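See below for the structure under consideration.
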Amino acid sequence: MLKRILYTLLLVLAVAGNADAQFNRKRLPYTEQERKELFKQYIKQDAFDDEVFESNDVPEKWKNESMVVLGRKMHYQGDVNPWNNIGYLHFFFRTKIKLQDKYAVETYSEYYFDEGDIVEIFIQKPDGTRTMVDLDDAIEVKENIPNLFLGVNVSITRYKKLAIPGLEPGDIIDVYSFDAMRFNRNYFHWTDPLTALVWPFTWIKVGISIMYDGGYTGSFGNAKLLHDDVPVAGQKVSFDLGRNFYLNFRSLNGAPEIEEGDSKKRKRRLWVFKDVMRDRLKEEEFSEPFASLPAIKYEITFANNREKRKTEKLIDRKNKLKTAVNEKDIKKIAHKFFKESKEATGDIYYKFYKTQGKKIKGNREFIEAFYNHYRTTKLFQIARFSNDAPYDVALNNADFVKYMVKICRKRMIDYTLIAGVPASAGGMDALMSKEDLIWGIKMNIDGEEVIYTDCDFYAQPGEVNPAFEGIKLYEIKPASSRRRIKLDEYSIAVTKPADNQFKFEIKAEFQDDLDTLKVARNTHLKGMPRYRYKARTFSYDNYFEKVKEQFKMESMFVNGRVYEKSALKDDNFLDEEEARIQNGIVERYSKIAQKNAKGDLRRDYVVASHDKLTIKQNGLEVGQPDIIFDEEYRLVDLLDSNGGNVYILKIGEFIDGQIELNDKDDRERQGDIVFPYSRSFVYDIELVIPGGMQVSSIEALNRNVENETGSFVSTAKLEGSTLKIHLEKVYKGNFHSKDKWEDLLKFIDEAVDFRSVKLILSK
């Protein structure tokens, strides 16, 4: 039974307070009792009521939906009392959900909340009767979670779980929640946003993966898709803010604009965002919701009069709503970045300069050597405290670019900064604070333009993160003051499909039993596809030796914490023990790599055995960026017999699994098409036909579909007893409007149809 986890409230708030309460410097937050009393007062004042909750009727077009959000609202209320300098921010949340079938009842039959959450839940029956759910019946649940720093399961999460009794189809769940903060503005100089994350809004943190593979590395800010995983009849977000509160708000991709209303309090300003009739969010292939679907982003910032000029937040000095950034804002962020890069000293640069850098004359050689030094240093420092593999550790690209700025200054290299907001965060139009930006640096090295964006384990010096490709960027020229900084719009071309290529050379031959197929496959990965296979090809012995050499270490694994002092004085023991441990680790991960390789095959084939995995090029060496490896394995169940002299060969299954979009819902498009990067798949297949057999239906393997979104082209021919197939599948560009969906389906469907092709072999 599927259980929906309803987290009432997760506040990211600094401190809390009440404008009418006696301020105590030693006790900034509200007590739990004070928060509960405020909640009761607001309930009595009908502060949670709104026109968005008036109707209990489900729109006709959603009658067959399992559940529908009839209405929901978030409201922020903040002010400062000028007589006692007490500031407060109160947060209100309410949602009404109609359960229309048994699945919906099962989904919402449990409620999860934290001990300190302030919440009331009502069940409303079709006849209008309302019953409050007794939260005292909840039980405490404990759950071990990983401690990310130590890499072991040591932390415990405690929360409450409540079974909601008596739910039936047709019922409405009505949830009220509240939280609050207070502060003394004379002692409150923190200017990060005061923000809240609340279920059931579809929240994501905006940002990109420095590791290229889709993980999130963190950028502060709230972003909300207007579509949810259930239909939403009406939703509202409102802000009733007084002096020294600043609102930064963005409406993206056709979302309604925020409007100003009339606050009931003098010298406060009210802004209201309304949205209605949002269909259920579909999970779509090739999608980046914030690049194309209606969404909003916002931050609430408090800055007192002394601090607001110093804050790094992009706020309006006149205490007005800010809905867009201008060049002045970007110059402000860039000026801070240049200033911080002057301070980017630390041990990394000086250790490099003392050990290697001072001997290197050429600028290109110096930068590439520092790149490798920085990469290995950071990865070693992080990985030594984590169970994660080194290649899974993401580096902060902003810190890396600051070091590169420092080097350019010291070596008199002409450079400009590159900054942008990735599509996953809504693009440059969604810029709200410096945390949204990704950074790169463009340098003129010996007359050649070179761009650095990341320092990643697999990235080669000068390799551009695909998140920078095809989006609006700014090129920022350094200057001595903020006013003199110059900005120009800039773009980086999307890489060609051939630059990001999966290439497979397959040679296969049936064994005498005509049931087992022996396969030798060579895989050659170029560009971004390398990251998909890193767990299979990572060279730990290469990594350990590099670290030892770079840090002048005789040993990584043998130290005084484990071994007796007398043993540490024995050089032979140290060498043997170090080799034993390192070889054990390398052997362990080699087995894991082979297990991963076999697991990948099992997703598409019936695997009899995976016999060999040989890494010919690991992609970690400068000048040798491609990954190349050989495999030998045996497959079964590719040849069927009709009981006579005729066999059916499932030749199409020689290409790995293809995306199949058969359901009507999957074939209708809601958002635009976004590829992570342009790429190509190339297969060269040679299959030896068993002796004494003839093959027919080869013409079914010849395909040719091509348009501006991509292509699928294959050719086949018989040379002697060898069937040769050449196949290419190409994804072009990285962004297409949703009206190109039919074009994309054409070559996607062709690939699926090819995979279903069967050849007839007859004796």
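Chain labels run A, B, ... following the order of the structure tokens; each chain numbers its residues from 1, and ligands are numbered from 1 in the order shown.
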
For this session: Identify all residues of region 343-531 of chain A in strand (DSSP E) (DSSP on the backbone) and supply them as a ChimeraX atom specification.
Result: /A:415-420,438-445,448-452,473-477,486-490,501-510,516-526

Exercise. Using only C-alpha atoms, which residues sit within 8 Å of Pro231 (chain A) once same-chain residues fewer than 3 positions away are excluded, as a ChimeraX atom specification?
Worked result: /A:62,65,67-69,227-228,277-281

For this session: For each of A:Tyr108, A:Phe551, A:Phe400, A:Tyr42, take the minimum atom-to-atom distance to Gln381 (chain A), counting only C-alpha atoms, then give the residue where this is smallest.
Result: A:Phe551

Interface rows for region 376-446 of chain A against region 324-333 of chain A: nearest pair, Å to one decimal, 8 Å, only C-alpha atoms, as a tab-separated table:
```
residue	atom	partner	partner_atom	distance
A:Asp429	CA	A:Ala324	CA	7.2
A:Ala430	CA	A:Ala324	CA	7.9
A:Leu431	CA	A:Val325	CA	6.9
A:Met432	CA	A:Val325	CA	7.4
A:Lys434	CA	A:Ile333	CA	6.2
```

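Nearest to Val52 (chain A) of all the residues A:Lys507, A:Phe629, A:Lys358, A:Phe273 is A:Phe273, based on only C-alpha atoms.
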
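Separating CA of Phe544 (chain A) from CA of Lys351 (chain A) is a distance of 19.2 Å.
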
Exercise. Can you list, as JSON, numbers by chain, every protein, DNA or RNA residue that comes within 12 Å of Gln624 (chain A) when you count only C-alpha atoms, leaving out same-chain residues fewer than 5 positions away?
Worked result: {"A": [458, 459, 460, 461, 525, 526, 527, 616, 617, 618, 619]}

Seminar exercise, completed: Judged by only C-alpha atoms, the minimum distance to Thr131 (chain A) among A:Tyr683, A:Ala104, A:Ile172, A:Ile438 is found for A:Ile172

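Proximity to Arg669 (chain A) was assessed for A:Asn244, A:Ser292, A:Ser566, A:Asn56 counting only C-alpha atoms; the smallest distance is recorded for A:Ser292.
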
Problem set entry | Contact residues around region 600-606 of chain A with only C-alpha atoms at 7 Å, ignoring same-chain residues under 5 positions, as an MDAnalysis selection string | chainID A and resid 635:637 656:657

If you keep N, CA and C atoms, can you produce a file of those selected residues as a short mmCIF file (atom, residue, chain, number, x, y, z; two decimals), in the first residue's frame?
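The file below, again33.cif, is the result:
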```cif
data_model
loop_
_atom_site.label_atom_id
_atom_site.label_comp_id
_atom_site.auth_asym_id
_atom_site.auth_seq_id
_atom_site.Cartn_x
_atom_site.Cartn_y
_atom_site.Cartn_z
N LEU A 635 25.76 -14.61 -24.03
CA LEU A 635 24.33 -14.36 -23.93
C LEU A 635 23.56 -15.59 -24.38
N VAL A 636 22.36 -15.73 -23.86
CA VAL A 636 21.46 -16.80 -24.30
C VAL A 636 20.10 -16.18 -24.63
N ASP A 637 19.24 -16.99 -25.23
CA ASP A 637 17.86 -16.59 -25.52
C ASP A 637 17.77 -15.53 -26.61
N ASP A 656 21.41 -1.78 -27.11
CA ASP A 656 20.92 -1.72 -25.74
C ASP A 656 19.52 -1.13 -25.70
N GLY A 657 18.87 -1.31 -24.54
CA GLY A 657 17.46 -0.92 -24.39
C GLY A 657 17.17 0.50 -24.83
#
```

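Each of A:Tyr540, A:Tyr533, A:Phe502, A:Phe183 was checked against Arg679 (chain A) using only C-alpha atoms; the smallest atom-to-atom distance is that of A:Phe502.
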
Any chance you could list, as a PDB file with all heavy atoms, in the first residue's frame, the residues in region 379-430 of chain A that come up alpha helix (DSSP H) when DSSP is run on the backbone?
```
ATOM      1  N   LEU A 379      39.800  16.408  -3.982  1.00  0.00           N
ATOM      2  CA  LEU A 379      39.178  15.088  -3.952  1.00  0.00           C
ATOM      3  C   LEU A 379      39.755  14.221  -2.840  1.00  0.00           C
ATOM      4  O   LEU A 379      39.036  13.493  -2.167  1.00  0.00           O
ATOM      5  CB  LEU A 379      39.342  14.396  -5.303  1.00  0.00           C
ATOM      6  CG  LEU A 379      38.451  14.973  -6.413  1.00  0.00           C
ATOM      7  CD1 LEU A 379      38.890  14.464  -7.761  1.00  0.00           C
ATOM      8  CD2 LEU A 379      37.004  14.607  -6.169  1.00  0.00           C
ATOM      9  N   PHE A 380      41.060  14.313  -2.625  1.00  0.00           N
ATOM     10  CA  PHE A 380      41.677  13.525  -1.571  1.00  0.00           C
ATOM     11  C   PHE A 380      41.212  14.010  -0.203  1.00  0.00           C
ATOM     12  O   PHE A 380      40.883  13.214   0.678  1.00  0.00           O
ATOM     13  CB  PHE A 380      43.199  13.603  -1.676  1.00  0.00           C
ATOM     14  CG  PHE A 380      43.902  12.872  -0.561  1.00  0.00           C
ATOM     15  CD1 PHE A 380      43.828  11.494  -0.468  1.00  0.00           C
ATOM     16  CD2 PHE A 380      44.619  13.561   0.397  1.00  0.00           C
ATOM     17  CE1 PHE A 380      44.464  10.815   0.556  1.00  0.00           C
ATOM     18  CE2 PHE A 380      45.261  12.883   1.423  1.00  0.00           C
ATOM     19  CZ  PHE A 380      45.186  11.516   1.505  1.00  0.00           C
ATOM     20  N   GLN A 381      41.154  15.331  -0.033  1.00  0.00           N
ATOM     21  CA  GLN A 381      40.734  15.880   1.249  1.00  0.00           C
ATOM     22  C   GLN A 381      39.312  15.455   1.604  1.00  0.00           C
ATOM     23  O   GLN A 381      39.006  15.144   2.751  1.00  0.00           O
ATOM     24  CB  GLN A 381      40.820  17.415   1.208  1.00  0.00           C
ATOM     25  CG  GLN A 381      42.243  17.945   1.189  1.00  0.00           C
ATOM     26  CD  GLN A 381      42.282  19.448   1.010  1.00  0.00           C
ATOM     27  OE1 GLN A 381      41.282  20.074   0.678  1.00  0.00           O
ATOM     28  NE2 GLN A 381      43.447  20.046   1.220  1.00  0.00           N
ATOM     29  N   ILE A 382      38.436  15.440   0.601  1.00  0.00           N
ATOM     30  CA  ILE A 382      37.032  15.092   0.852  1.00  0.00           C
ATOM     31  C   ILE A 382      36.851  13.589   0.963  1.00  0.00           C
ATOM     32  O   ILE A 382      36.198  13.077   1.869  1.00  0.00           O
ATOM     33  CB  ILE A 382      36.137  15.666  -0.257  1.00  0.00           C
ATOM     34  CG1 ILE A 382      36.257  17.194  -0.285  1.00  0.00           C
ATOM     35  CG2 ILE A 382      34.679  15.255  -0.047  1.00  0.00           C
ATOM     36  CD1 ILE A 382      35.590  17.842  -1.467  1.00  0.00           C
ATOM     37  N   ALA A 383      37.459  12.863   0.021  1.00  0.00           N
ATOM     38  CA  ALA A 383      37.225  11.421  -0.050  1.00  0.00           C
ATOM     39  C   ALA A 383      37.795  10.676   1.162  1.00  0.00           C
ATOM     40  O   ALA A 383      37.289   9.617   1.525  1.00  0.00           O
ATOM     41  CB  ALA A 383      37.821  10.854  -1.330  1.00  0.00           C
ATOM     42  N   ASN A 397      32.577  24.782  -8.175  1.00  0.00           N
ATOM     43  CA  ASN A 397      33.228  25.398  -9.326  1.00  0.00           C
ATOM     44  C   ASN A 397      33.512  26.874  -9.099  1.00  0.00           C
ATOM     45  O   ASN A 397      34.430  27.430  -9.684  1.00  0.00           O
ATOM     46  CB  ASN A 397      32.404  25.185 -10.599  1.00  0.00           C
ATOM     47  CG  ASN A 397      31.237  26.126 -10.730  1.00  0.00           C
ATOM     48  OD1 ASN A 397      30.584  26.458  -9.753  1.00  0.00           O
ATOM     49  ND2 ASN A 397      30.964  26.557 -11.953  1.00  0.00           N
ATOM     50  N   ALA A 398      32.725  27.558  -8.250  1.00  0.00           N
ATOM     51  CA  ALA A 398      32.987  28.965  -7.981  1.00  0.00           C
ATOM     52  C   ALA A 398      34.334  29.135  -7.288  1.00  0.00           C
ATOM     53  O   ALA A 398      35.124  30.026  -7.638  1.00  0.00           O
ATOM     54  CB  ALA A 398      31.870  29.545  -7.126  1.00  0.00           C
ATOM     55  N   ASP A 399      34.633  28.284  -6.300  1.00  0.00           N
ATOM     56  CA  ASP A 399      35.927  28.364  -5.623  1.00  0.00           C
ATOM     57  C   ASP A 399      37.072  28.108  -6.595  1.00  0.00           C
ATOM     58  O   ASP A 399      38.102  28.776  -6.564  1.00  0.00           O
ATOM     59  CB  ASP A 399      35.990  27.349  -4.478  1.00  0.00           C
ATOM     60  CG  ASP A 399      35.129  27.768  -3.298  1.00  0.00           C
ATOM     61  OD1 ASP A 399      34.694  28.937  -3.282  1.00  0.00           O
ATOM     62  OD2 ASP A 399      34.885  26.937  -2.419  1.00  0.00           O
ATOM     63  N   PHE A 400      36.877  27.122  -7.465  1.00  0.00           N
ATOM     64  CA  PHE A 400      37.920  26.805  -8.450  1.00  0.00           C
ATOM     65  C   PHE A 400      38.158  27.991  -9.383  1.00  0.00           C
ATOM     66  O   PHE A 400      39.313  28.355  -9.659  1.00  0.00           O
ATOM     67  CB  PHE A 400      37.512  25.573  -9.257  1.00  0.00           C
ATOM     68  CG  PHE A 400      38.321  25.355 -10.493  1.00  0.00           C
ATOM     69  CD1 PHE A 400      39.644  24.967 -10.407  1.00  0.00           C
ATOM     70  CD2 PHE A 400      37.770  25.552 -11.752  1.00  0.00           C
ATOM     71  CE1 PHE A 400      40.401  24.777 -11.549  1.00  0.00           C
ATOM     72  CE2 PHE A 400      38.507  25.362 -12.893  1.00  0.00           C
ATOM     73  CZ  PHE A 400      39.834  24.973 -12.801  1.00  0.00           C
ATOM     74  N   VAL A 401      37.103  28.621  -9.872  1.00  0.00           N
ATOM     75  CA  VAL A 401      37.250  29.755 -10.789  1.00  0.00           C
ATOM     76  C   VAL A 401      37.945  30.926 -10.089  1.00  0.00           C
ATOM     77  O   VAL A 401      38.740  31.646 -10.704  1.00  0.00           O
ATOM     78  CB  VAL A 401      35.882  30.169 -11.357  1.00  0.00           C
ATOM     79  CG1 VAL A 401      35.993  31.471 -12.159  1.00  0.00           C
ATOM     80  CG2 VAL A 401      35.336  29.063 -12.255  1.00  0.00           C
ATOM     81  N   LYS A 402      37.676  31.109  -8.799  1.00  0.00           N
ATOM     82  CA  LYS A 402      38.369  32.175  -8.065  1.00  0.00           C
ATOM     83  C   LYS A 402      39.874  31.944  -8.040  1.00  0.00           C
ATOM     84  O   LYS A 402      40.661  32.890  -8.157  1.00  0.00           O
ATOM     85  CB  LYS A 402      37.822  32.267  -6.637  1.00  0.00           C
ATOM     86  CG  LYS A 402      36.414  32.831  -6.565  1.00  0.00           C
ATOM     87  CD  LYS A 402      35.830  32.731  -5.167  1.00  0.00           C
ATOM     88  CE  LYS A 402      34.376  33.162  -5.158  1.00  0.00           C
ATOM     89  NZ  LYS A 402      33.734  32.975  -3.838  1.00  0.00           N
ATOM     90  N   TYR A 403      40.289  30.690  -7.881  1.00  0.00           N
ATOM     91  CA  TYR A 403      41.720  30.384  -7.944  1.00  0.00           C
ATOM     92  C   TYR A 403      42.274  30.697  -9.333  1.00  0.00           C
ATOM     93  O   TYR A 403      43.387  31.211  -9.479  1.00  0.00           O
ATOM     94  CB  TYR A 403      41.962  28.911  -7.606  1.00  0.00           C
ATOM     95  CG  TYR A 403      42.125  28.642  -6.133  1.00  0.00           C
ATOM     96  CD1 TYR A 403      41.095  28.075  -5.389  1.00  0.00           C
ATOM     97  CD2 TYR A 403      43.311  28.955  -5.478  1.00  0.00           C
ATOM     98  CE1 TYR A 403      41.243  27.822  -4.038  1.00  0.00           C
ATOM     99  CE2 TYR A 403      43.468  28.712  -4.130  1.00  0.00           C
ATOM    100  CZ  TYR A 403      42.431  28.148  -3.403  1.00  0.00           C
ATOM    101  OH  TYR A 403      42.581  27.907  -2.063  1.00  0.00           O
ATOM    102  N   MET A 404      41.495  30.386 -10.371  1.00  0.00           N
ATOM    103  CA  MET A 404      41.964  30.653 -11.729  1.00  0.00           C
ATOM    104  C   MET A 404      42.105  32.154 -11.974  1.00  0.00           C
ATOM    105  O   MET A 404      43.028  32.601 -12.672  1.00  0.00           O
ATOM    106  CB  MET A 404      41.003  30.034 -12.736  1.00  0.00           C
ATOM    107  CG  MET A 404      40.882  28.522 -12.634  1.00  0.00           C
ATOM    108  SD  MET A 404      42.465  27.673 -12.841  1.00  0.00           S
ATOM    109  CE  MET A 404      42.701  27.861 -14.592  1.00  0.00           C
ATOM    110  N   VAL A 405      41.209  32.962 -11.402  1.00  0.00           N
ATOM    111  CA  VAL A 405      41.325  34.415 -11.504  1.00  0.00           C
ATOM    112  C   VAL A 405      42.616  34.882 -10.847  1.00  0.00           C
ATOM    113  O   VAL A 405      43.338  35.736 -11.378  1.00  0.00           O
ATOM    114  CB  VAL A 405      40.103  35.107 -10.852  1.00  0.00           C
ATOM    115  CG1 VAL A 405      40.331  36.610 -10.722  1.00  0.00           C
ATOM    116  CG2 VAL A 405      38.851  34.830 -11.671  1.00  0.00           C
ATOM    117  N   LYS A 406      42.902  34.291  -9.710  1.00  0.00           N
ATOM    118  CA  LYS A 406      44.126  34.660  -8.993  1.00  0.00           C
ATOM    119  C   LYS A 406      45.370  34.356  -9.833  1.00  0.00           C
ATOM    120  O   LYS A 406      46.293  35.162  -9.919  1.00  0.00           O
ATOM    121  CB  LYS A 406      44.186  33.901  -7.673  1.00  0.00           C
ATOM    122  CG  LYS A 406      45.378  34.245  -6.793  1.00  0.00           C
ATOM    123  CD  LYS A 406      45.345  33.427  -5.521  1.00  0.00           C
ATOM    124  CE  LYS A 406      46.471  33.849  -4.595  1.00  0.00           C
ATOM    125  NZ  LYS A 406      46.280  35.208  -4.076  1.00  0.00           N
ATOM    126  N   ILE A 407      45.371  33.212 -10.475  1.00  0.00           N
ATOM    127  CA  ILE A 407      46.512  32.828 -11.312  1.00  0.00           C
ATOM    128  C   ILE A 407      46.650  33.781 -12.491  1.00  0.00           C
ATOM    129  O   ILE A 407      47.763  34.202 -12.841  1.00  0.00           O
ATOM    130  CB  ILE A 407      46.348  31.375 -11.795  1.00  0.00           C
ATOM    131  CG1 ILE A 407      46.532  30.420 -10.622  1.00  0.00           C
ATOM    132  CG2 ILE A 407      47.339  31.053 -12.908  1.00  0.00           C
ATOM    133  CD1 ILE A 407      46.220  28.980 -10.953  1.00  0.00           C
ATOM    134  N   CYS A 408      45.522  34.128 -13.107  1.00  0.00           N
ATOM    135  CA  CYS A 408      45.577  35.053 -14.244  1.00  0.00           C
ATOM    136  C   CYS A 408      46.163  36.395 -13.834  1.00  0.00           C
ATOM    137  O   CYS A 408      46.940  37.005 -14.585  1.00  0.00           O
ATOM    138  CB  CYS A 408      44.179  35.243 -14.833  1.00  0.00           C
ATOM    139  SG  CYS A 408      43.564  33.821 -15.747  1.00  0.00           S
ATOM    140  N   ARG A 409      45.808  36.866 -12.660  1.00  0.00           N
ATOM    141  CA  ARG A 409      46.357  38.136 -12.187  1.00  0.00           C
ATOM    142  C   ARG A 409      47.865  38.037 -11.972  1.00  0.00           C
ATOM    143  O   ARG A 409      48.627  38.927 -12.365  1.00  0.00           O
ATOM    144  CB  ARG A 409      45.674  38.536 -10.882  1.00  0.00           C
ATOM    145  CG  ARG A 409      44.234  39.025 -11.053  1.00  0.00           C
ATOM    146  CD  ARG A 409      43.754  39.604  -9.754  1.00  0.00           C
ATOM    147  NE  ARG A 409      42.397  40.127  -9.872  1.00  0.00           N
ATOM    148  CZ  ARG A 409      41.420  39.834  -9.043  1.00  0.00           C
ATOM    149  NH1 ARG A 409      41.644  39.005  -8.042  1.00  0.00           N
ATOM    150  NH2 ARG A 409      40.222  40.357  -9.196  1.00  0.00           N
ATOM    151  N   LYS A 410      48.283  36.975 -11.330  1.00  0.00           N
ATOM    152  CA  LYS A 410      49.697  36.826 -11.003  1.00  0.00           C
ATOM    153  C   LYS A 410      50.568  36.649 -12.254  1.00  0.00           C
ATOM    154  O   LYS A 410      51.698  37.104 -12.294  1.00  0.00           O
ATOM    155  CB  LYS A 410      49.905  35.640 -10.054  1.00  0.00           C
ATOM    156  CG  LYS A 410      49.474  35.912  -8.615  1.00  0.00           C
ATOM    157  CD  LYS A 410      49.794  34.738  -7.716  1.00  0.00           C
ATOM    158  CE  LYS A 410      49.579  35.109  -6.256  1.00  0.00           C
ATOM    159  NZ  LYS A 410      50.529  36.126  -5.762  1.00  0.00           N
TER     160      LYS A 410
END
```

Exercise. Between A:Glu110, A:Asp663, A:Glu621, A:Asp179, which is the closest to Tyr543 (chain A) once you count only C-alpha atoms?
Worked result: A:Glu621

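Relative to CA of Ile748 (chain A), CA of Asn662 (chain A) is found at 10.9 Å.
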
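The two atoms in question, CA of Ile123 (chain A) and CA of Lys224 (chain A), are spaced 26.9 Å apart.
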